[in-house]
>>> print(open('my_file.txt').read())   # compact mmCIF, C-alpha atoms and all ligand atoms
# COMPACT_ATOMS: atom_id res chain seq x y z
CA MET J 719 111.28 139.66 25.37
CA THR J 720 112.83 138.72 22.00
CA THR J 721 115.94 136.60 22.50
CA THR J 722 118.21 135.51 19.66
CA LEU J 723 117.05 131.98 20.32
CA LEU J 724 113.39 133.03 20.07
CA ALA J 725 114.10 134.48 16.63
CA GLU J 726 115.81 131.24 15.59
CA ILE J 727 112.95 129.07 16.84
CA ARG J 728 110.42 131.31 15.07
CA ASP J 729 112.37 130.88 11.80
CA GLU J 730 112.45 127.11 12.24
CA ILE J 731 108.67 126.99 12.84
CA LEU J 732 108.02 129.22 9.81
CA ALA J 733 110.20 126.98 7.66
CA SER J 734 109.09 123.53 8.82
CA GLY J 735 106.02 123.89 11.06
CA PRO J 736 105.45 123.54 14.84
CA ILE J 737 108.12 121.63 16.81
CA GLY J 738 107.79 118.98 19.53
CA LEU J 739 108.41 119.89 23.15
CA ASP J 740 111.53 117.70 23.08
CA ARG J 741 113.00 119.84 20.29
CA TYR J 742 111.99 123.04 22.13
CA MET J 743 113.56 121.91 25.45
CA GLY J 744 116.67 120.67 23.65
CA LEU J 745 117.16 124.07 21.98
CA CYS J 746 116.36 126.11 25.11
CA LEU J 747 118.74 124.15 27.35
CA GLY J 748 121.38 122.87 24.96
CA HIS J 749 121.56 125.10 21.85
CA PRO J 750 125.32 125.23 21.12
CA VAL J 751 125.47 129.04 21.33
CA HIS J 752 122.31 130.35 23.03
CA GLY J 753 121.27 127.36 25.20
CA TYR J 754 120.55 128.08 28.86
CA TYR J 755 123.29 125.79 30.18
CA ARG J 756 125.80 126.88 27.51
CA THR J 757 125.73 130.52 28.53
CA ARG J 758 125.68 130.69 32.33
CA ASP J 759 126.14 129.19 35.77
CA PRO J 760 122.49 129.15 36.89
CA LEU J 761 123.07 127.87 40.43
CA GLY J 762 123.03 129.71 43.73
CA ALA J 763 121.37 132.69 45.38
CA ARG J 764 122.35 135.03 42.54
CA GLY J 765 121.40 132.50 39.85
CA ASP J 766 118.02 130.98 39.06
CA PHE J 767 117.76 128.06 41.50
CA VAL J 768 119.54 126.31 44.38
CA THR J 769 120.22 122.56 44.47
CA ALA J 770 120.79 120.30 47.48
CA PRO J 771 124.63 120.22 47.27
CA GLU J 772 124.63 124.03 47.19
CA ILE J 773 122.47 124.14 50.35
CA SER J 774 124.89 122.15 52.49
CA GLN J 775 128.14 120.20 52.33
CA MET J 776 126.32 117.44 54.25
CA PHE J 777 124.44 116.37 51.09
CA GLY J 778 127.58 115.55 49.11
CA GLU J 779 129.29 114.04 52.16
CA LEU J 780 126.41 111.60 52.68
CA ILE J 781 126.53 110.66 48.98
CA GLY J 782 130.27 110.00 49.54
CA ILE J 783 129.36 107.60 52.34
CA TRP J 784 126.80 105.93 50.04
CA ILE J 785 129.48 105.51 47.37
CA ALA J 786 131.93 103.98 49.89
CA ALA J 787 129.35 101.44 51.10
CA THR J 788 128.25 100.58 47.56
CA TRP J 789 131.85 100.09 46.46
CA ALA J 790 132.44 97.75 49.44
CA ALA J 791 129.26 95.81 48.55
CA MET J 792 130.63 95.42 44.99
CA GLY J 793 133.70 93.66 46.45
CA ALA J 794 135.91 96.80 46.36
CA PRO J 795 137.02 96.63 42.70
CA ASN J 796 140.20 98.63 42.20
CA ASP J 797 139.29 99.76 38.68
CA LEU J 798 136.13 101.64 39.73
CA LEU J 799 134.81 104.50 37.61
CA LEU J 800 133.11 107.19 39.65
CA VAL J 801 130.75 108.99 37.28
CA GLU J 802 128.62 112.06 37.83
CA LEU J 803 125.94 113.14 35.36
CA GLY J 804 125.38 116.91 35.23
CA PRO J 805 127.76 117.81 38.08
CA GLY J 806 126.80 121.52 38.16
CA ARG J 807 129.53 123.42 39.98
CA GLY J 808 131.26 120.22 41.14
CA THR J 809 130.20 120.88 44.73
CA LEU J 810 128.52 117.51 45.33
CA MET J 811 131.54 115.58 44.05
CA GLN J 812 134.01 117.76 45.98
CA ASP J 813 132.16 117.05 49.25
CA ALA J 814 131.68 113.38 48.33
CA LEU J 815 135.40 112.86 47.57
CA ARG J 816 136.34 114.38 50.94
CA ALA J 817 134.00 111.97 52.78
CA LEU J 818 135.12 109.09 50.55
CA ALA J 819 138.79 109.64 51.42
CA ARG J 820 137.90 109.01 55.08
CA ALA J 821 135.33 106.23 54.56
CA ALA J 822 137.26 104.28 51.90
CA PRO J 823 140.93 105.39 52.07
CA THR J 824 142.12 102.65 49.70
CA LEU J 825 139.67 103.59 46.94
CA ARG J 826 141.25 105.53 44.04
CA PRO J 827 138.38 105.91 41.57
CA ALA J 828 138.80 107.25 38.06
CA LEU J 829 136.55 110.32 37.97
CA HIS J 830 134.35 110.80 34.87
CA LEU J 831 132.01 113.77 34.48
CA VAL J 832 129.21 113.95 31.90
CA GLU J 833 128.60 117.63 31.28
CA THR J 834 127.62 119.66 28.22
CA SER J 835 127.99 123.16 29.68
CA PRO J 836 131.39 124.80 29.09
CA VAL J 837 130.67 127.33 31.87
CA LEU J 838 129.99 124.58 34.41
CA ARG J 839 132.91 122.45 33.16
CA ALA J 840 135.17 125.37 34.12
CA GLU J 841 133.63 125.44 37.63
CA GLN J 842 134.11 121.67 37.91
CA GLU J 843 137.74 121.99 36.84
CA ARG J 844 138.27 124.57 39.59
CA ARG J 845 136.87 122.32 42.34
CA LEU J 846 137.81 118.85 41.06
CA GLY J 847 140.93 119.45 38.96
CA ASP J 848 143.13 117.67 41.55
CA ALA J 849 141.18 114.45 40.95
CA SER J 850 142.02 114.62 37.19
CA PRO J 851 138.49 114.18 35.88
CA VAL J 852 137.73 113.11 32.32
CA TRP J 853 134.80 114.98 30.76
CA HIS J 854 132.23 113.50 28.39
CA ASP J 855 129.45 115.08 26.32
CA SER J 856 127.28 112.01 26.88
CA ILE J 857 127.37 108.62 28.59
CA ALA J 858 128.17 106.95 25.23
CA THR J 859 131.92 107.53 25.64
CA LEU J 860 132.26 106.23 29.23
CA PRO J 861 134.78 103.37 29.29
CA ALA J 862 133.62 99.84 30.12
CA ALA J 863 134.45 99.10 33.78
CA PRO J 864 132.71 98.65 37.14
CA MET J 865 131.05 101.99 37.88
CA ILE J 866 129.14 103.99 40.44
CA VAL J 867 127.10 106.76 38.86
CA VAL J 868 125.53 109.70 40.68
CA ALA J 869 122.95 112.07 39.16
CA ASN J 870 121.38 114.85 41.20
CA GLU J 871 118.83 116.98 39.35
CA PHE J 872 120.01 115.66 35.99
CA PHE J 873 117.09 113.64 34.61
CA ASP J 874 114.60 116.51 35.11
CA ALA J 875 116.55 118.59 32.56
CA LEU J 876 116.33 116.07 29.72
CA PRO J 877 113.86 116.78 26.89
CA VAL J 878 110.38 115.20 26.98
CA ARG J 879 107.44 114.89 24.58
CA GLN J 880 103.88 115.51 25.70
CA PHE J 881 100.59 114.20 24.32
CA GLN J 882 97.02 115.29 25.02
CA ARG J 883 94.13 112.84 25.04
CA ALA J 884 91.13 113.65 22.87
CA GLU J 885 88.25 111.69 21.36
CA ARG J 886 90.33 110.32 18.45
CA GLY J 887 93.48 109.44 20.47
CA TRP J 888 96.69 111.08 21.75
CA PHE J 889 97.73 114.30 19.97
CA GLU J 890 101.30 115.57 20.41
CA ARG J 891 101.63 118.93 22.13
CA LEU J 892 103.62 121.19 19.83
CA VAL J 893 105.23 124.63 20.04
CA GLY J 894 104.10 126.89 17.21
CA LEU J 895 103.44 130.57 16.59
CA ALA J 896 100.64 132.59 18.22
CA PRO J 897 98.14 134.34 15.89
CA ASP J 898 100.29 137.52 16.05
CA GLY J 899 103.06 135.55 14.28
CA ASN J 900 105.59 136.66 16.91
CA ALA J 901 105.06 134.94 20.24
CA LEU J 902 105.31 131.17 20.71
CA ALA J 903 102.18 129.24 21.64
CA PHE J 904 101.26 125.65 22.46
CA GLY J 905 99.09 123.74 20.02
CA LEU J 906 98.33 120.15 19.12
CA ALA J 907 99.29 117.99 16.15
CA ALA J 908 96.54 117.68 13.54
CA GLU J 909 96.45 113.89 13.77
CA PRO J 910 96.76 111.54 16.77
CA ASP J 911 99.85 109.37 17.26
CA THR J 912 98.39 105.92 16.72
CA ARG J 913 101.40 104.19 18.31
CA ILE J 914 100.23 105.32 21.77
CA THR J 915 97.75 102.83 23.15
CA ALA J 916 97.49 104.09 26.77
CA SER J 917 94.03 104.84 28.10
CA GLY J 918 93.16 108.09 29.87
CA PRO J 919 90.33 110.57 30.22
CA ASN J 920 89.84 113.22 27.53
CA GLY J 921 91.87 116.38 28.04
CA VAL J 922 94.70 114.91 30.16
CA LEU J 923 98.38 115.41 29.29
CA MET J 924 100.86 112.55 29.26
CA THR J 925 104.61 113.15 29.39
CA LEU J 926 107.01 110.76 27.66
CA PRO J 927 110.59 111.23 28.95
CA GLY J 928 112.29 109.62 25.94
CA ALA J 929 115.80 110.98 26.55
CA ALA J 930 115.79 109.99 30.25
CA LEU J 931 114.49 106.50 29.43
CA ALA J 932 117.17 105.97 26.77
CA CYS J 933 119.85 107.14 29.22
CA VAL J 934 118.59 104.82 31.99
CA ARG J 935 118.41 101.84 29.63
CA ALA J 936 121.97 102.44 28.41
CA LEU J 937 123.31 102.82 31.97
CA ALA J 938 121.41 99.73 33.12
CA ARG J 939 123.02 97.70 30.31
CA ARG J 940 126.43 99.00 31.46
CA VAL J 941 126.04 98.08 35.12
CA VAL J 942 124.49 94.70 34.31
CA ALA J 943 127.45 93.90 32.03
CA ASP J 944 130.33 95.47 34.02
CA ARG J 945 128.87 95.67 37.57
CA GLY J 946 127.90 98.78 39.46
CA ALA J 947 125.08 101.04 40.55
CA VAL J 948 123.41 104.27 39.45
CA LEU J 949 121.92 106.69 42.02
CA ALA J 950 119.37 109.23 40.76
CA ILE J 951 117.99 111.98 42.99
CA ASP J 952 115.44 114.35 41.54
CA TYR J 953 112.10 115.94 42.08
CA GLY J 954 109.37 113.73 40.77
CA HIS J 955 106.68 111.17 41.42
CA VAL J 956 106.79 107.45 42.14
CA ARG J 957 103.42 106.56 40.60
CA PRO J 958 102.65 107.14 36.95
CA GLY J 959 100.15 109.95 36.46
CA PHE J 960 98.76 112.53 34.07
CA GLY J 961 99.24 116.30 34.26
CA ASP J 962 101.61 118.99 33.12
CA SER J 963 104.75 119.37 35.24
CA LEU J 964 106.68 121.43 32.68
CA GLN J 965 108.08 124.43 34.51
CA ALA J 966 110.36 127.33 33.74
CA VAL J 967 112.32 129.02 36.53
CA ARG J 968 114.21 132.26 36.38
CA GLY J 969 115.58 134.26 39.29
CA HIS J 970 114.02 131.80 41.80
CA ALA J 971 110.51 132.40 40.38
CA PHE J 972 108.28 130.53 37.95
CA VAL J 973 107.92 132.16 34.52
CA PRO J 974 105.87 131.10 31.45
CA PRO J 975 107.88 128.42 29.59
CA LEU J 976 107.54 129.94 26.11
CA THR J 977 108.29 133.63 26.68
CA ALA J 978 112.08 133.79 26.90
CA PRO J 979 113.64 130.62 25.43
CA GLY J 980 117.21 130.06 26.57
CA GLU J 981 116.85 132.50 29.49
CA ALA J 982 115.02 130.25 31.98
CA ASP J 983 115.62 126.73 33.30
CA LEU J 984 113.09 124.25 31.87
CA THR J 985 112.32 121.00 33.67
CA THR J 986 109.64 118.37 34.16
CA HIS J 987 109.00 116.11 37.16
CA VAL J 988 110.87 112.83 36.87
CA ASP J 989 108.62 109.78 36.40
CA PHE J 990 110.49 107.36 38.69
CA ALA J 991 108.09 104.51 37.90
CA ALA J 992 108.93 104.76 34.18
CA LEU J 993 112.68 105.08 34.87
CA GLY J 994 112.54 102.07 37.19
CA ARG J 995 110.75 99.99 34.54
CA ALA J 996 113.36 101.01 31.96
CA ALA J 997 116.16 99.84 34.29
CA THR J 998 114.57 96.50 35.19
CA SER J 999 113.71 95.83 31.52
CA GLU J 1000 117.49 95.63 30.98
CA GLY J 1001 117.93 93.17 33.86
CA ALA J 1002 118.97 95.67 36.56
CA ALA J 1003 117.90 95.41 40.21
CA LEU J 1004 115.89 98.35 41.54
CA HIS J 1005 116.37 100.03 44.93
CA GLY J 1006 113.74 102.54 46.12
CA PRO J 1007 112.52 105.07 45.21
CA VAL J 1008 112.25 106.67 48.66
CA ASP J 1009 111.74 110.26 49.77
CA GLN J 1010 114.98 112.25 49.93
CA ARG J 1011 114.22 112.78 53.62
CA ASP J 1012 114.28 109.04 54.39
CA PHE J 1013 117.37 108.50 52.25
CA LEU J 1014 119.41 111.25 53.95
CA LEU J 1015 118.28 110.34 57.47
CA ALA J 1016 119.16 106.67 56.85
CA LEU J 1017 122.64 107.74 55.72
CA GLY J 1018 123.15 109.70 58.95
CA LEU J 1019 122.18 113.32 58.23
CA ARG J 1020 121.18 114.00 61.83
CA GLU J 1021 124.46 112.63 63.22
CA ARG J 1022 126.50 114.54 60.62
CA ALA J 1023 124.69 117.79 61.49
CA GLU J 1024 125.37 117.24 65.19
CA ARG J 1025 129.04 116.49 64.50
CA LEU J 1026 129.45 119.65 62.38
CA GLY J 1027 127.59 121.72 64.97
CA ARG J 1028 129.96 120.71 67.76
CA ASP J 1029 132.84 122.84 66.41
CA ALA J 1030 130.61 125.63 65.08
CA SER J 1031 129.61 129.09 66.34
CA PRO J 1032 125.94 129.57 67.38
CA ALA J 1033 125.21 131.30 64.06
CA GLN J 1034 126.87 128.49 62.10
CA ARG J 1035 124.95 125.92 64.16
CA ASP J 1036 121.67 127.63 63.25
CA ALA J 1037 122.68 127.55 59.57
CA ILE J 1038 123.49 123.80 59.78
CA THR J 1039 120.12 123.08 61.40
CA ALA J 1040 118.29 125.22 58.82
CA ALA J 1041 120.05 123.40 55.95
CA ALA J 1042 119.26 119.95 57.38
CA THR J 1043 115.63 121.01 57.79
CA ARG J 1044 115.41 122.31 54.22
CA LEU J 1045 116.84 119.06 52.81
CA THR J 1046 114.40 116.90 54.76
CA ASP J 1047 111.28 119.04 55.31
CA PRO J 1048 108.37 116.98 53.91
CA SER J 1049 106.15 120.07 53.43
CA ARG J 1050 105.97 121.98 50.13
CA ARG J 1051 108.55 124.46 51.45
CA GLY J 1052 111.25 121.81 51.71
CA MET J 1053 112.87 119.12 49.57
CA GLY J 1054 112.22 116.15 51.87
CA SER J 1055 109.37 114.55 50.02
CA LEU J 1056 109.22 116.43 46.72
CA PHE J 1057 112.61 114.89 45.94
CA LYS J 1058 113.12 111.12 45.66
CA ALA J 1059 116.18 108.88 45.58
CA MET J 1060 116.30 105.71 43.51
CA ALA J 1061 119.09 103.41 42.39
CA PHE J 1062 119.49 100.55 39.97
CA SER J 1063 122.36 98.10 39.89
CA ASP J 1064 123.60 94.73 38.73
CA SER J 1065 121.61 91.98 40.36
CA ALA J 1066 124.46 90.88 42.69
CA LEU J 1067 123.92 94.09 44.67
CA THR J 1068 120.91 93.10 46.70
CA ALA J 1069 120.99 95.88 49.32
CA LEU J 1070 122.17 99.47 48.95
CA PRO J 1071 122.40 101.95 51.83
CA GLY J 1072 119.28 104.02 52.47
CA LEU J 1073 117.31 102.35 49.67
CA PRO J 1074 115.10 99.32 50.36
CA PRO J 1075 114.78 96.89 47.43
CA ALA J 1076 111.86 97.91 45.20
CA LYS J 1077 108.61 96.03 45.73
CA PRO J 1078 107.97 93.68 42.78
C1 LIG G 1101 120.00 121.39 37.57
S1 LIG G 1101 121.71 121.29 37.23
C2 LIG G 1101 122.22 120.22 38.58
C3 LIG G 1101 123.66 120.40 38.94
C4 LIG G 1101 124.20 119.54 40.08
N1 LIG G 1101 123.97 118.13 39.87
C5 LIG G 1101 123.64 119.97 41.41
O1 LIG G 1101 122.89 119.21 42.02
O2 LIG G 1101 123.96 121.08 41.83
C6 LIG G 1101 121.76 120.23 35.80
C7 LIG G 1101 123.15 119.81 35.37
O3 LIG G 1101 123.05 118.93 34.25
C8 LIG G 1101 123.82 119.45 33.16
N2 LIG G 1101 123.12 119.05 31.94
C9 LIG G 1101 121.91 119.45 31.51
N3 LIG G 1101 121.56 118.79 30.37
C10 LIG G 1101 122.58 117.95 30.11
C11 LIG G 1101 122.82 116.98 29.09
N4 LIG G 1101 121.94 116.76 28.14
N5 LIG G 1101 123.97 116.28 29.14
C12 LIG G 1101 124.87 116.47 30.14
N6 LIG G 1101 124.70 117.38 31.13
C13 LIG G 1101 123.58 118.11 31.12
C14 LIG G 1101 123.85 120.94 33.41
O4 LIG G 1101 124.85 121.62 32.71
C15 LIG G 1101 124.04 120.93 34.92
O5 LIG G 1101 125.38 120.63 35.27
>>> encode(input="my_file.txt", output="structure tokens")
Amino acid sequence: MTTTLLAEIRDEILASGPIGLDRYMGLCLGHPVHGYYRTRDPLGARGDFVTAPEISQMFGELIGIWIAATWAAMGAPNDLLLVELGPGRGTLMQDALRALARAAPTLRPALHLVETSPVLRAEQERRLGDASPVWHDSIATLPAAPMIVVANEFFDALPVRQFQRAERGWFERLVGLAPDGNALAFGLAAEPDTRITASGPNGVLMTLPGAALACVRALARRVVADRGAVLAIDYGHVRPGFGDSLQAVRGHAFVPPLTAPGEADLTTHVDFAALGRAATSEGAALHGPVDQRDFLLALGLRERAERLGRDASPAQRDAITAAATRLTDPSRRGMGSLFKAMAFSDSALTALPGLPPAKP
């Protein structure tokens, strides 16, 4: 399938040579006109994928309870910024604010949303307009103040670079043209990147999440300086490892990542170990990571499901149970263990709900 973006990427490769995976992901997801997130709302049954807040209101409500407890642990500052990175349709924050109004009635946070998609900004305006959010293209323009930041399925969408190990070192994986001169194909740089000193067996792929690491470092500096905490929930792994987790999803199915740029969601598994190291290198305290299942159960998912079920019809009760199961199921069918929750904060916050302090 030839998309306009495919033609543009082909021209760029013809003009300047193969491009890094970070450039390819950046164009596919964020191209100002043809980028995946610029052109559509990808969420929901009729979109390409479903996220936890879209599965059940309980997810956002429990995050609201986490925010209330974290705010109290910070000493209840009255100038709190509540920040969400990549808020999607605004569903998580809408559910969180409802729970927050009950759990912390005196809290009046200033709501800041970091979102690049105009389509999703319009959805967020519809659901969160009453809370007068301020939108940002990036975290760079967030004001300096105590803050609580929430990011669900945000870091997995940030561009990464990949390198393959061979006899002479680590060679960057590049996107170039296939022999037919039309299709895109993966290849390797001609020379190894001598700055990479990691060891690994020949043939393995290593992923470097440069954009996510830069974002975590900048947020860690903010919370260390101004107080606060950042909660990241994403699918990923807690131990560093090799392998290719790049995936493209369209219409709830996996598709090859190079065939229809800009038409499929592109993500990689989040390397929580690397993100954690980036946060602590800036002086932040680390909490977790833990499986999403343990995080949600510790915050009271079971009790919330029972409470909601009390006033529900039998069919609604079944739907609530099915949603709670999907969010916590540790098997490959569910999100319970594939997804992890991790937070980092200023060092005065020694305990955050649902997240044991990280082992040194
Ligand atoms: C997978 S969706 C998750 C949406 C929402 N958090 C949820 O759980 O339903 C990724 C979100 O991040 C936004 N996004 C992707 N790349 C971004 C970037 N570089 N800067 C800001 N937002 C971005 C998307 O527009 C979208 O809102």
>>> closest_residue(input="my_file.txt", among="J:Arg844, J:Arg935, J:Arg879, J:Arg968", to="Leu761 (chain J)", atoms="all atoms listed in the file")
J:Arg968
>>> closest_atom_pairs(input="my_file.txt", of="region 731-787 of chain J", to="region 949-958 of chain J", cutoff="12 Å", atoms="all atoms listed in the file", output="JSON lines")
{"residue": "J:Thr769", "atom": "CA", "partner": "J:Asp952", "partner_atom": "CA", "distance": 9.9}
{"residue": "J:Ala770", "atom": "CA", "partner": "J:Ile951", "partner_atom": "CA", "distance": 9.9}
{"residue": "J:Pro771", "atom": "CA", "partner": "J:Ile951", "partner_atom": "CA", "distance": 11.4}
{"residue": "J:Phe777", "atom": "CA", "partner": "J:Ile951", "partner_atom": "CA", "distance": 11.2}
{"residue": "J:Gly778", "atom": "CA", "partner": "J:Ile951", "partner_atom": "CA", "distance": 11.9}
{"residue": "J:Ile781", "atom": "CA", "partner": "J:Leu949", "partner_atom": "CA", "distance": 9.2}
{"residue": "J:Gly782", "atom": "CA", "partner": "J:Leu949", "partner_atom": "CA", "distance": 11.7}
{"residue": "J:Trp784", "atom": "CA", "partner": "J:Leu949", "partner_atom": "CA", "distance": 9.4}
{"residue": "J:Ile785", "atom": "CA", "partner": "J:Leu949", "partner_atom": "CA", "distance": 9.3}
>>> residues_around(input="my_file.txt", residues="Leu745 (chain J)", least_positions_apart="5", cutoff="10 Å", atoms="all atoms listed in the file", output="PyMOL selection string")
chain J and resi 723-724+726-727+739-740+750-754+877+979-980
>>> atom_distance(input="my_file.txt", atom1="CA of Ile731 (chain J)", atom2="CA of Gly894 (chain J)")
6.3 Å
>>> atom_distance(input="my_file.txt", atom1="CA of Leu732 (chain J)", atom2="CA of Leu895 (chain J)")
8.3 Å
>>> residues_near_ligand(input="my_file.txt", ligand="ligand LIG 1101 (chain G)", cutoff="6 Å", atoms="all atoms listed in the file", output="ChimeraX atom specification")
/J:755,769-771,804-806,832-835,856,870-872,875-876
>>> closest_residue(input="my_file.txt", among="J:Arg756, J:Arg764, J:Arg940, J:Arg1011", to="Ile866 (chain J)", atoms="all atoms listed in the file")
J:Arg940
>>> atom_distance(input="my_file.txt", atom1="CA of Asp983 (chain J)", atom2="CA of Leu1073 (chain J)")
29.4 Å
>>> closest_residue(input="my_file.txt", among="J:Gly918, J:Arg839, J:Met1053, J:Arg945", to="Leu799 (chain J)", atoms="only C-alpha atoms")
J:Arg945
>>> closest_residue(input="my_file.txt", among="J:Cys746, J:Met776, J:Leu838, J:Ala794", to="Pro975 (chain J)", atoms="all atoms listed in the file")
J:Cys746
>>> closest_residue(input="my_file.txt", among="J:Ser850, J:Asn900, J:Thr809, J:Gln842", to="Leu976 (chain J)", atoms="only C-alpha atoms")
J:Asn900
